[in-house]
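Raw model.cif, mmCIF, C-alpha atoms:
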data_final
#
loop_
_atom_site.label_atom_id
_atom_site.label_comp_id
_atom_site.auth_asym_id
_atom_site.auth_seq_id
_atom_site.Cartn_x
_atom_site.Cartn_y
_atom_site.Cartn_z
CA MET A 1 26.45 -64.61 54.11
CA LYS A 2 27.98 -68.04 54.69
CA PRO A 3 25.57 -70.97 55.03
CA PRO A 4 25.31 -72.53 58.49
CA ARG A 5 27.99 -75.15 59.09
CA LEU A 6 26.95 -78.37 60.75
CA ILE A 7 29.06 -79.18 63.78
CA PHE A 8 28.93 -82.11 66.14
CA VAL A 9 29.08 -81.91 69.91
CA VAL A 10 29.74 -84.97 72.04
CA ALA A 11 26.96 -85.11 74.63
CA ALA A 12 28.09 -88.25 76.44
CA VAL A 13 31.74 -89.10 76.78
CA ALA A 14 31.53 -92.67 78.09
CA VAL A 15 32.35 -95.25 75.46
CA ILE A 16 30.42 -98.47 75.84
CA ALA A 17 32.32 -101.55 76.98
CA THR A 18 32.54 -103.17 73.56
CA ALA A 19 34.30 -100.14 72.15
CA THR A 20 36.82 -100.11 74.98
CA THR A 21 37.52 -103.80 74.47
CA ALA A 22 37.92 -103.33 70.73
CA VAL A 23 40.46 -100.54 71.19
CA ALA A 24 42.48 -102.62 73.64
CA GLN A 25 42.71 -105.52 71.18
CA GLN A 26 44.01 -103.40 68.29
CA PRO A 27 47.75 -103.93 67.78
CA ASP A 28 50.03 -100.93 67.56
CA GLY A 29 51.37 -99.78 64.25
CA VAL A 30 48.58 -100.64 61.82
CA PRO A 31 49.78 -98.47 58.93
CA LEU A 32 47.05 -96.31 57.43
CA GLY A 33 49.21 -94.05 55.31
CA ILE A 34 47.04 -91.01 56.01
CA ASP A 35 48.49 -87.53 56.00
CA PRO A 36 47.02 -85.65 58.98
CA LYS A 37 47.59 -82.37 57.15
CA ALA A 38 45.65 -83.43 54.03
CA MET A 39 42.02 -84.33 53.56
CA PRO A 40 40.75 -87.36 51.62
CA THR A 41 40.93 -86.76 47.89
CA SER A 42 38.66 -87.70 45.01
CA VAL A 43 40.16 -90.42 42.81
CA ASP A 44 39.86 -90.35 39.02
CA GLY A 45 39.61 -93.46 36.87
CA PHE A 46 36.69 -95.07 38.69
CA GLU A 47 33.80 -94.33 36.38
CA GLY A 48 30.66 -96.24 37.30
CA VAL A 49 30.84 -95.61 41.03
CA ARG A 50 27.80 -93.93 42.53
CA GLY A 51 28.98 -90.95 44.58
CA GLY A 52 32.58 -91.29 43.42
CA VAL A 53 35.69 -92.71 45.07
CA PHE A 54 37.79 -91.00 47.73
CA LYS A 55 41.22 -92.00 48.98
CA ASP A 56 42.47 -91.49 52.52
CA GLY A 57 45.84 -93.14 52.96
CA ARG A 58 45.50 -96.72 51.78
CA LEU A 59 41.73 -96.72 52.15
CA PHE A 60 39.44 -96.17 49.17
CA ILE A 61 35.95 -95.04 50.23
CA ALA A 62 33.17 -95.23 47.67
CA GLY A 63 29.56 -95.51 46.73
CA GLN A 64 28.38 -98.66 44.95
CA PRO A 65 31.00 -99.69 42.38
CA ASP A 66 30.15 -101.42 39.15
CA GLN A 67 32.06 -104.46 37.89
CA GLU A 68 34.63 -102.41 35.98
CA ALA A 69 35.40 -100.32 39.07
CA PHE A 70 36.15 -103.51 40.99
CA ARG A 71 38.54 -104.59 38.21
CA ARG A 72 40.24 -101.19 38.42
CA PHE A 73 40.71 -101.65 42.17
CA LYS A 74 42.25 -105.07 41.53
CA GLU A 75 44.77 -103.41 39.17
CA LEU A 76 45.93 -101.31 42.14
CA ASP A 77 46.79 -104.53 44.03
CA GLY A 78 43.86 -103.89 46.32
CA SER A 79 41.98 -106.34 48.52
CA PRO A 80 39.61 -106.76 50.25
CA VAL A 81 36.37 -105.08 49.27
CA VAL A 82 34.31 -104.25 52.36
CA ASN A 83 30.60 -103.82 51.63
CA LEU A 84 28.32 -102.09 54.16
CA ARG A 85 25.06 -102.43 52.22
CA THR A 86 22.33 -104.67 53.64
CA PRO A 87 21.41 -108.05 52.10
CA ARG A 88 18.08 -106.55 51.01
CA GLU A 89 19.88 -103.80 49.10
CA MET A 90 22.30 -106.25 47.51
CA ASP A 91 19.50 -108.61 46.42
CA ASP A 92 17.68 -105.81 44.57
CA ARG A 93 18.81 -106.38 40.96
CA GLU A 94 17.39 -103.01 39.86
CA ARG A 95 19.85 -101.27 42.18
CA VAL A 96 22.73 -103.74 41.97
CA PRO A 97 22.40 -105.67 38.70
CA PHE A 98 25.01 -108.31 39.60
CA ASP A 99 26.01 -110.61 42.45
CA GLU A 100 28.85 -108.66 44.05
CA ALA A 101 30.31 -111.59 46.00
CA ALA A 102 30.39 -113.77 42.86
CA VAL A 103 31.95 -111.02 40.73
CA LEU A 104 34.67 -110.37 43.31
CA GLU A 105 35.45 -114.09 43.57
CA GLU A 106 35.80 -114.23 39.77
CA ILE A 107 38.10 -111.18 39.78
CA GLY A 108 40.14 -112.55 42.68
CA LEU A 109 39.27 -110.02 45.36
CA GLU A 110 38.39 -110.95 48.93
CA TYR A 111 34.89 -109.92 49.94
CA LEU A 112 33.88 -108.85 53.43
CA HIS A 113 30.23 -108.02 54.11
CA ILE A 114 29.48 -105.88 57.18
CA PRO A 115 25.85 -104.89 56.60
CA LEU A 116 24.77 -101.66 58.29
CA GLY A 117 21.32 -100.08 58.28
CA GLY A 118 17.86 -100.75 59.64
CA ASP A 119 16.76 -102.71 62.69
CA ASP A 120 18.35 -105.96 61.47
CA HIS A 121 21.79 -104.39 60.97
CA PRO A 122 22.31 -101.66 63.60
CA TYR A 123 25.26 -99.31 63.77
CA THR A 124 27.46 -100.73 66.53
CA THR A 125 31.06 -100.74 67.67
CA GLY A 126 31.11 -104.42 66.67
CA ALA A 127 31.04 -103.33 63.03
CA VAL A 128 34.05 -101.08 63.68
CA SER A 129 35.87 -103.98 65.31
CA THR A 130 35.22 -106.25 62.32
CA PHE A 131 36.51 -103.56 59.98
CA ALA A 132 39.59 -103.03 62.19
CA ARG A 133 40.46 -106.73 61.94
CA ALA A 134 40.22 -106.52 58.14
CA LEU A 135 42.64 -103.58 58.07
CA GLU A 136 44.98 -105.47 60.37
CA ARG A 137 45.04 -108.52 58.06
CA HIS A 138 45.46 -106.53 54.84
CA ARG A 139 48.23 -103.94 54.73
CA GLY A 140 47.58 -102.83 51.13
CA PRO A 141 44.71 -100.86 49.57
CA VAL A 142 41.24 -101.63 50.96
CA LEU A 143 37.97 -100.59 49.29
CA LEU A 144 35.16 -99.69 51.69
CA HIS A 145 31.78 -99.00 50.09
CA CYS A 146 28.07 -98.57 50.67
CA THR A 147 25.54 -96.88 48.36
CA ILE A 148 26.91 -93.32 48.16
CA ALA A 149 29.85 -93.43 50.64
CA TRP A 150 27.72 -92.09 53.53
CA ARG A 151 27.85 -95.19 55.77
CA ALA A 152 31.42 -95.88 54.64
CA SER A 153 32.65 -92.44 55.70
CA CYS A 154 30.89 -92.81 59.07
CA LEU A 155 32.57 -96.16 59.69
CA TRP A 156 35.94 -94.70 58.71
CA VAL A 157 35.54 -91.78 61.14
CA ALA A 158 34.50 -94.12 63.97
CA TYR A 159 37.51 -96.35 63.25
CA LEU A 160 39.93 -93.39 63.36
CA ILE A 161 38.50 -92.24 66.69
CA LEU A 162 38.29 -95.64 68.38
CA TYR A 163 41.47 -97.26 67.06
CA HIS A 164 43.87 -94.41 66.36
CA ASP A 165 42.88 -91.83 68.97
CA VAL A 166 42.11 -89.21 66.31
CA GLU A 167 40.31 -86.28 67.93
CA LEU A 168 36.60 -86.09 67.16
CA ASP A 169 36.82 -82.77 65.28
CA ALA A 170 39.75 -83.93 63.14
CA ALA A 171 38.07 -87.25 62.32
CA LEU A 172 34.79 -85.54 61.45
CA GLU A 173 36.61 -83.13 59.16
CA ARG A 174 37.95 -86.13 57.24
CA GLY A 175 34.46 -87.62 57.05
CA GLU A 176 32.92 -84.35 55.90
CA ALA A 177 35.41 -84.31 53.01
CA ILE A 178 33.71 -87.50 51.79
CA ALA A 179 30.07 -87.81 52.98
CA ILE A 180 28.99 -87.97 56.59
CA SER A 181 26.10 -87.33 58.93
CA PRO A 182 25.65 -88.14 62.61
CA PRO A 183 23.00 -90.85 63.23
CA PRO A 184 25.02 -93.99 62.45
CA LEU A 185 28.14 -92.45 63.94
CA GLN A 186 26.45 -92.43 67.36
CA GLY A 187 26.01 -96.21 67.32
CA LEU A 188 29.45 -96.90 65.89
CA LEU A 189 31.13 -94.79 68.56
CA GLY A 190 28.84 -95.87 71.39
CA ARG A 191 28.27 -92.19 72.23
CA ASP A 192 25.35 -89.79 71.90
CA LEU A 193 25.99 -86.89 69.55
CA THR A 194 24.03 -83.66 69.57
CA LEU A 195 23.76 -81.45 66.51
CA ALA A 196 24.37 -77.73 66.73
CA TYR A 197 24.68 -74.98 64.13
CA GLU A 198 27.07 -72.06 64.14
#
Show how you would write the structure in this file as structure tokens.
Amino acid sequence: MKPPRLIFVVAAVAVIATATTAVAQQPDGVPLGIDPKAMPTSVDGFEGVRGGVFKDGRLFIAGQPDQEAFRRFKELDGSPVVNLRTPREMDDRERVPFDEAAVLEEIGLEYLHIPLGGDDHPYTTGAVSTFARALERHRGPVLLHCTIAWRASCLWVAYLILYHDVELDAALERGEAIAISPPPLQGLLGRDLTLAYE
């Protein structure tokens, strides 16, 4: 017997005004390099990354990298590093034993902090818009990370839906190949999602 598969059903189709504005401002032709027939793949050579590293087109999606993983990304001519972890998480030296911003400056990688999580850093379409502007400015590899790639995969799915008109099911399938669950996705998309099991 196959285990139940989690599926997502859109309960409300209206996108809030900020999402509509963000989509309208996105220029055409931002190259992502994704293959719609292939799912994100696990990337070898990034030891020291919690949850591993996945590649979808030119985007690398990961859990928390260590300093060597950032150096490896630099070798791939990548930049920037987009961090979704909250300031509280990043200040906890037991969990992150280095100053990420300082390490990336030393390595020569641009650092973009878009904290997501908790009441102080809600999941909103504004975060997707900030991420979209980063992808627009940087046409090479971009590293998007959080703790275990959960928030990062949610942001990626929301971006694909809002900025590239990827159908919900197709975008979710890409996110499920990495690590995804619905609660933050609701805020990022500006839509209510209802869970159902088949």
Result set of the PyMOL selection byres ((chain A and resi 99-102) around 9) on the coordinates above, as a ChimeraX atom specification: /A:66-67,90-91,93,96-98,103-107,110-113
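The residues returned by the PyMOL selection byres ((chain A and resi 80) around 10) on the shown structure are Phe73, Lys74, Asp77, Gly78, Ser79, Val81, Val82, Asn83, Leu104, Gly108, Leu109, Glu110, Tyr111, Leu112, Ala134, Leu135, Arg137, His138, Gly140, Pro141, Val142, Leu143 and Leu144 of chain A.
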Hits of the PyMOL selection byres ((chain A and resi 178) around 12) in this structure, as a PyMOL selection string: chain A and resi 39-43+51-56+60-63+145+148-157+171-177+179-181
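Residue nearest His121 (chain A), chosen from A:Val30, A:Leu193, A:Leu188, A:Ile161 and counting only C-alpha atoms: A:Leu188.
Distance-wise, CA of Phe70 (chain A) and CA of Arg50 (chain A) end up 12.8 Å apart.
Note that the spacing between CA of Val128 (chain A) and CA of Gly57 (chain A) amounts to 17.8 Å.
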d(CA of Ser129 (chain A), CA of Leu189 (chain A)) in Å: 10.8 Å
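Minimum atom-to-atom distances from A:Glu136, A:Asp169, A:Glu47, A:Asp35 to Pro65 (chain A) were compared using only C-alpha atoms, and the lowest value belongs to A:Glu47.
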Region 72-113 of chain A dumped to file, N, CA and C atoms, as a PDB file, in the first residue's frame:
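The result, stored in result_4.pdb:
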ATOM      1  N   ARG A  72      33.322  26.824  -2.034  1.00  0.00           N
ATOM      2  CA  ARG A  72      33.014  25.971  -3.186  1.00  0.00           C
ATOM      3  C   ARG A  72      32.055  26.685  -4.139  1.00  0.00           C
ATOM      4  N   PHE A  73      31.065  27.374  -3.580  1.00  0.00           N
ATOM      5  CA  PHE A  73      30.124  28.130  -4.415  1.00  0.00           C
ATOM      6  C   PHE A  73      30.852  29.244  -5.163  1.00  0.00           C
ATOM      7  N   LYS A  74      31.782  29.888  -4.510  1.00  0.00           N
ATOM      8  CA  LYS A  74      32.573  30.948  -5.146  1.00  0.00           C
ATOM      9  C   LYS A  74      33.352  30.397  -6.340  1.00  0.00           C
ATOM     10  N   GLU A  75      33.866  29.165  -6.208  1.00  0.00           N
ATOM     11  CA  GLU A  75      34.603  28.525  -7.303  1.00  0.00           C
ATOM     12  C   GLU A  75      33.729  28.316  -8.540  1.00  0.00           C
ATOM     13  N   LEU A  76      32.416  28.262  -8.351  1.00  0.00           N
ATOM     14  CA  LEU A  76      31.487  28.084  -9.466  1.00  0.00           C
ATOM     15  C   LEU A  76      31.074  29.420 -10.086  1.00  0.00           C
ATOM     16  N   ASP A  77      31.797  30.490  -9.702  1.00  0.00           N
ATOM     17  CA  ASP A  77      31.488  31.849 -10.158  1.00  0.00           C
ATOM     18  C   ASP A  77      30.101  32.289  -9.713  1.00  0.00           C
ATOM     19  N   GLY A  78      29.710  31.838  -8.529  1.00  0.00           N
ATOM     20  CA  GLY A  78      28.409  32.182  -7.999  1.00  0.00           C
ATOM     21  C   GLY A  78      28.422  33.458  -7.185  1.00  0.00           C
ATOM     22  N   SER A  79      27.295  34.115  -7.131  1.00  0.00           N
ATOM     23  CA  SER A  79      27.037  35.269  -6.275  1.00  0.00           C
ATOM     24  C   SER A  79      25.672  35.799  -6.683  1.00  0.00           C
ATOM     25  N   PRO A  80      24.830  36.168  -5.757  1.00  0.00           N
ATOM     26  CA  PRO A  80      25.059  36.313  -4.328  1.00  0.00           C
ATOM     27  C   PRO A  80      24.639  35.068  -3.549  1.00  0.00           C
ATOM     28  N   VAL A  81      24.831  35.163  -2.237  1.00  0.00           N
ATOM     29  CA  VAL A  81      24.261  34.203  -1.299  1.00  0.00           C
ATOM     30  C   VAL A  81      23.058  34.890  -0.665  1.00  0.00           C
ATOM     31  N   VAL A  82      21.896  34.246  -0.756  1.00  0.00           N
ATOM     32  CA  VAL A  82      20.663  34.780  -0.175  1.00  0.00           C
ATOM     33  C   VAL A  82      20.316  33.930   1.037  1.00  0.00           C
ATOM     34  N   ASN A  83      20.287  34.551   2.203  1.00  0.00           N
ATOM     35  CA  ASN A  83      20.052  33.861   3.467  1.00  0.00           C
ATOM     36  C   ASN A  83      18.659  34.203   3.978  1.00  0.00           C
ATOM     37  N   LEU A  84      17.850  33.172   4.263  1.00  0.00           N
ATOM     38  CA  LEU A  84      16.495  33.369   4.763  1.00  0.00           C
ATOM     39  C   LEU A  84      16.374  33.172   6.270  1.00  0.00           C
ATOM     40  N   ARG A  85      17.453  32.843   6.948  1.00  0.00           N
ATOM     41  CA  ARG A  85      17.380  32.618   8.392  1.00  0.00           C
ATOM     42  C   ARG A  85      17.224  33.943   9.135  1.00  0.00           C
ATOM     43  N   THR A  86      16.594  33.896  10.289  1.00  0.00           N
ATOM     44  CA  THR A  86      16.339  35.114  11.064  1.00  0.00           C
ATOM     45  C   THR A  86      17.613  35.582  11.765  1.00  0.00           C
ATOM     46  N   PRO A  87      17.677  36.856  12.155  1.00  0.00           N
ATOM     47  CA  PRO A  87      18.841  37.351  12.899  1.00  0.00           C
ATOM     48  C   PRO A  87      19.089  36.542  14.172  1.00  0.00           C
ATOM     49  N   ARG A  88      18.025  36.154  14.845  1.00  0.00           N
ATOM     50  CA  ARG A  88      18.188  35.358  16.075  1.00  0.00           C
ATOM     51  C   ARG A  88      18.890  34.033  15.777  1.00  0.00           C
ATOM     52  N   GLU A  89      18.504  33.383  14.690  1.00  0.00           N
ATOM     53  CA  GLU A  89      19.167  32.136  14.307  1.00  0.00           C
ATOM     54  C   GLU A  89      20.639  32.377  13.981  1.00  0.00           C
ATOM     55  N   MET A  90      20.907  33.440  13.230  1.00  0.00           N
ATOM     56  CA  MET A  90      22.269  33.698  12.785  1.00  0.00           C
ATOM     57  C   MET A  90      23.182  34.152  13.922  1.00  0.00           C
ATOM     58  N   ASP A  91      22.613  34.716  14.970  1.00  0.00           N
ATOM     59  CA  ASP A  91      23.411  35.152  16.124  1.00  0.00           C
ATOM     60  C   ASP A  91      23.706  34.023  17.098  1.00  0.00           C
ATOM     61  N   ASP A  92      23.085  32.865  16.919  1.00  0.00           N
ATOM     62  CA  ASP A  92      23.290  31.717  17.802  1.00  0.00           C
ATOM     63  C   ASP A  92      24.558  30.979  17.364  1.00  0.00           C
ATOM     64  N   ARG A  93      25.649  31.202  18.057  1.00  0.00           N
ATOM     65  CA  ARG A  93      26.946  30.627  17.658  1.00  0.00           C
ATOM     66  C   ARG A  93      27.032  29.121  17.876  1.00  0.00           C
ATOM     67  N   GLU A  94      26.097  28.525  18.595  1.00  0.00           N
ATOM     68  CA  GLU A  94      26.053  27.059  18.675  1.00  0.00           C
ATOM     69  C   GLU A  94      25.516  26.479  17.373  1.00  0.00           C
ATOM     70  N   ARG A  95      24.594  27.189  16.740  1.00  0.00           N
ATOM     71  CA  ARG A  95      24.014  26.712  15.480  1.00  0.00           C
ATOM     72  C   ARG A  95      24.811  27.176  14.267  1.00  0.00           C
ATOM     73  N   VAL A  96      25.259  28.409  14.302  1.00  0.00           N
ATOM     74  CA  VAL A  96      26.071  28.958  13.205  1.00  0.00           C
ATOM     75  C   VAL A  96      27.340  29.523  13.836  1.00  0.00           C
ATOM     76  N   PRO A  97      28.417  28.755  13.855  1.00  0.00           N
ATOM     77  CA  PRO A  97      29.610  29.157  14.612  1.00  0.00           C
ATOM     78  C   PRO A  97      30.500  30.196  13.927  1.00  0.00           C
ATOM     79  N   PHE A  98      29.943  30.999  13.041  1.00  0.00           N
ATOM     80  CA  PHE A  98      30.707  32.047  12.369  1.00  0.00           C
ATOM     81  C   PHE A  98      29.756  33.157  11.939  1.00  0.00           C
ATOM     82  N   ASP A  99      30.302  34.299  11.655  1.00  0.00           N
ATOM     83  CA  ASP A  99      29.530  35.440  11.161  1.00  0.00           C
ATOM     84  C   ASP A  99      29.437  35.302   9.646  1.00  0.00           C
ATOM     85  N   GLU A 100      28.280  34.894   9.163  1.00  0.00           N
ATOM     86  CA  GLU A 100      28.127  34.591   7.736  1.00  0.00           C
ATOM     87  C   GLU A 100      28.427  35.806   6.856  1.00  0.00           C
ATOM     88  N   ALA A 101      27.895  36.958   7.202  1.00  0.00           N
ATOM     89  CA  ALA A 101      28.123  38.158   6.398  1.00  0.00           C
ATOM     90  C   ALA A 101      29.610  38.480   6.296  1.00  0.00           C
ATOM     91  N   ALA A 102      30.333  38.357   7.420  1.00  0.00           N
ATOM     92  CA  ALA A 102      31.766  38.659   7.427  1.00  0.00           C
ATOM     93  C   ALA A 102      32.548  37.644   6.599  1.00  0.00           C
ATOM     94  N   VAL A 103      32.188  36.371   6.703  1.00  0.00           N
ATOM     95  CA  VAL A 103      32.865  35.324   5.939  1.00  0.00           C
ATOM     96  C   VAL A 103      32.658  35.547   4.445  1.00  0.00           C
ATOM     97  N   LEU A 104      31.429  35.867   4.047  1.00  0.00           N
ATOM     98  CA  LEU A 104      31.153  36.075   2.628  1.00  0.00           C
ATOM     99  C   LEU A 104      31.868  37.308   2.090  1.00  0.00           C
ATOM    100  N   GLU A 105      31.975  38.350   2.904  1.00  0.00           N
ATOM    101  CA  GLU A 105      32.737  39.529   2.476  1.00  0.00           C
ATOM    102  C   GLU A 105      34.196  39.171   2.264  1.00  0.00           C
ATOM    103  N   GLU A 106      34.755  38.369   3.164  1.00  0.00           N
ATOM    104  CA  GLU A 106      36.156  37.931   3.041  1.00  0.00           C
ATOM    105  C   GLU A 106      36.369  37.091   1.783  1.00  0.00           C
ATOM    106  N   ILE A 107      35.396  36.224   1.483  1.00  0.00           N
ATOM    107  CA  ILE A 107      35.497  35.355   0.305  1.00  0.00           C
ATOM    108  C   ILE A 107      35.271  36.144  -0.984  1.00  0.00           C
ATOM    109  N   GLY A 108      34.492  37.212  -0.895  1.00  0.00           N
ATOM    110  CA  GLY A 108      34.180  38.004  -2.077  1.00  0.00           C
ATOM    111  C   GLY A 108      32.832  37.674  -2.686  1.00  0.00           C
ATOM    112  N   LEU A 109      31.898  37.223  -1.850  1.00  0.00           N
ATOM    113  CA  LEU A 109      30.551  36.936  -2.301  1.00  0.00           C
ATOM    114  C   LEU A 109      29.583  37.983  -1.758  1.00  0.00           C
ATOM    115  N   GLU A 110      28.667  38.439  -2.600  1.00  0.00           N
ATOM    116  CA  GLU A 110      27.637  39.356  -2.126  1.00  0.00           C
ATOM    117  C   GLU A 110      26.692  38.605  -1.191  1.00  0.00           C
ATOM    118  N   TYR A 111      26.217  39.309  -0.181  1.00  0.00           N
ATOM    119  CA  TYR A 111      25.330  38.719   0.816  1.00  0.00           C
ATOM    120  C   TYR A 111      24.011  39.471   0.833  1.00  0.00           C
ATOM    121  N   LEU A 112      22.917  38.738   0.715  1.00  0.00           N
ATOM    122  CA  LEU A 112      21.589  39.326   0.788  1.00  0.00           C
ATOM    123  C   LEU A 112      20.815  38.582   1.871  1.00  0.00           C
ATOM    124  N   HIS A 113      20.349  39.311   2.871  1.00  0.00           N
ATOM    125  CA  HIS A 113      19.617  38.711   3.985  1.00  0.00           C
ATOM    126  C   HIS A 113      18.140  39.064   3.849  1.00  0.00           C
TER     127      HIS A 113
END
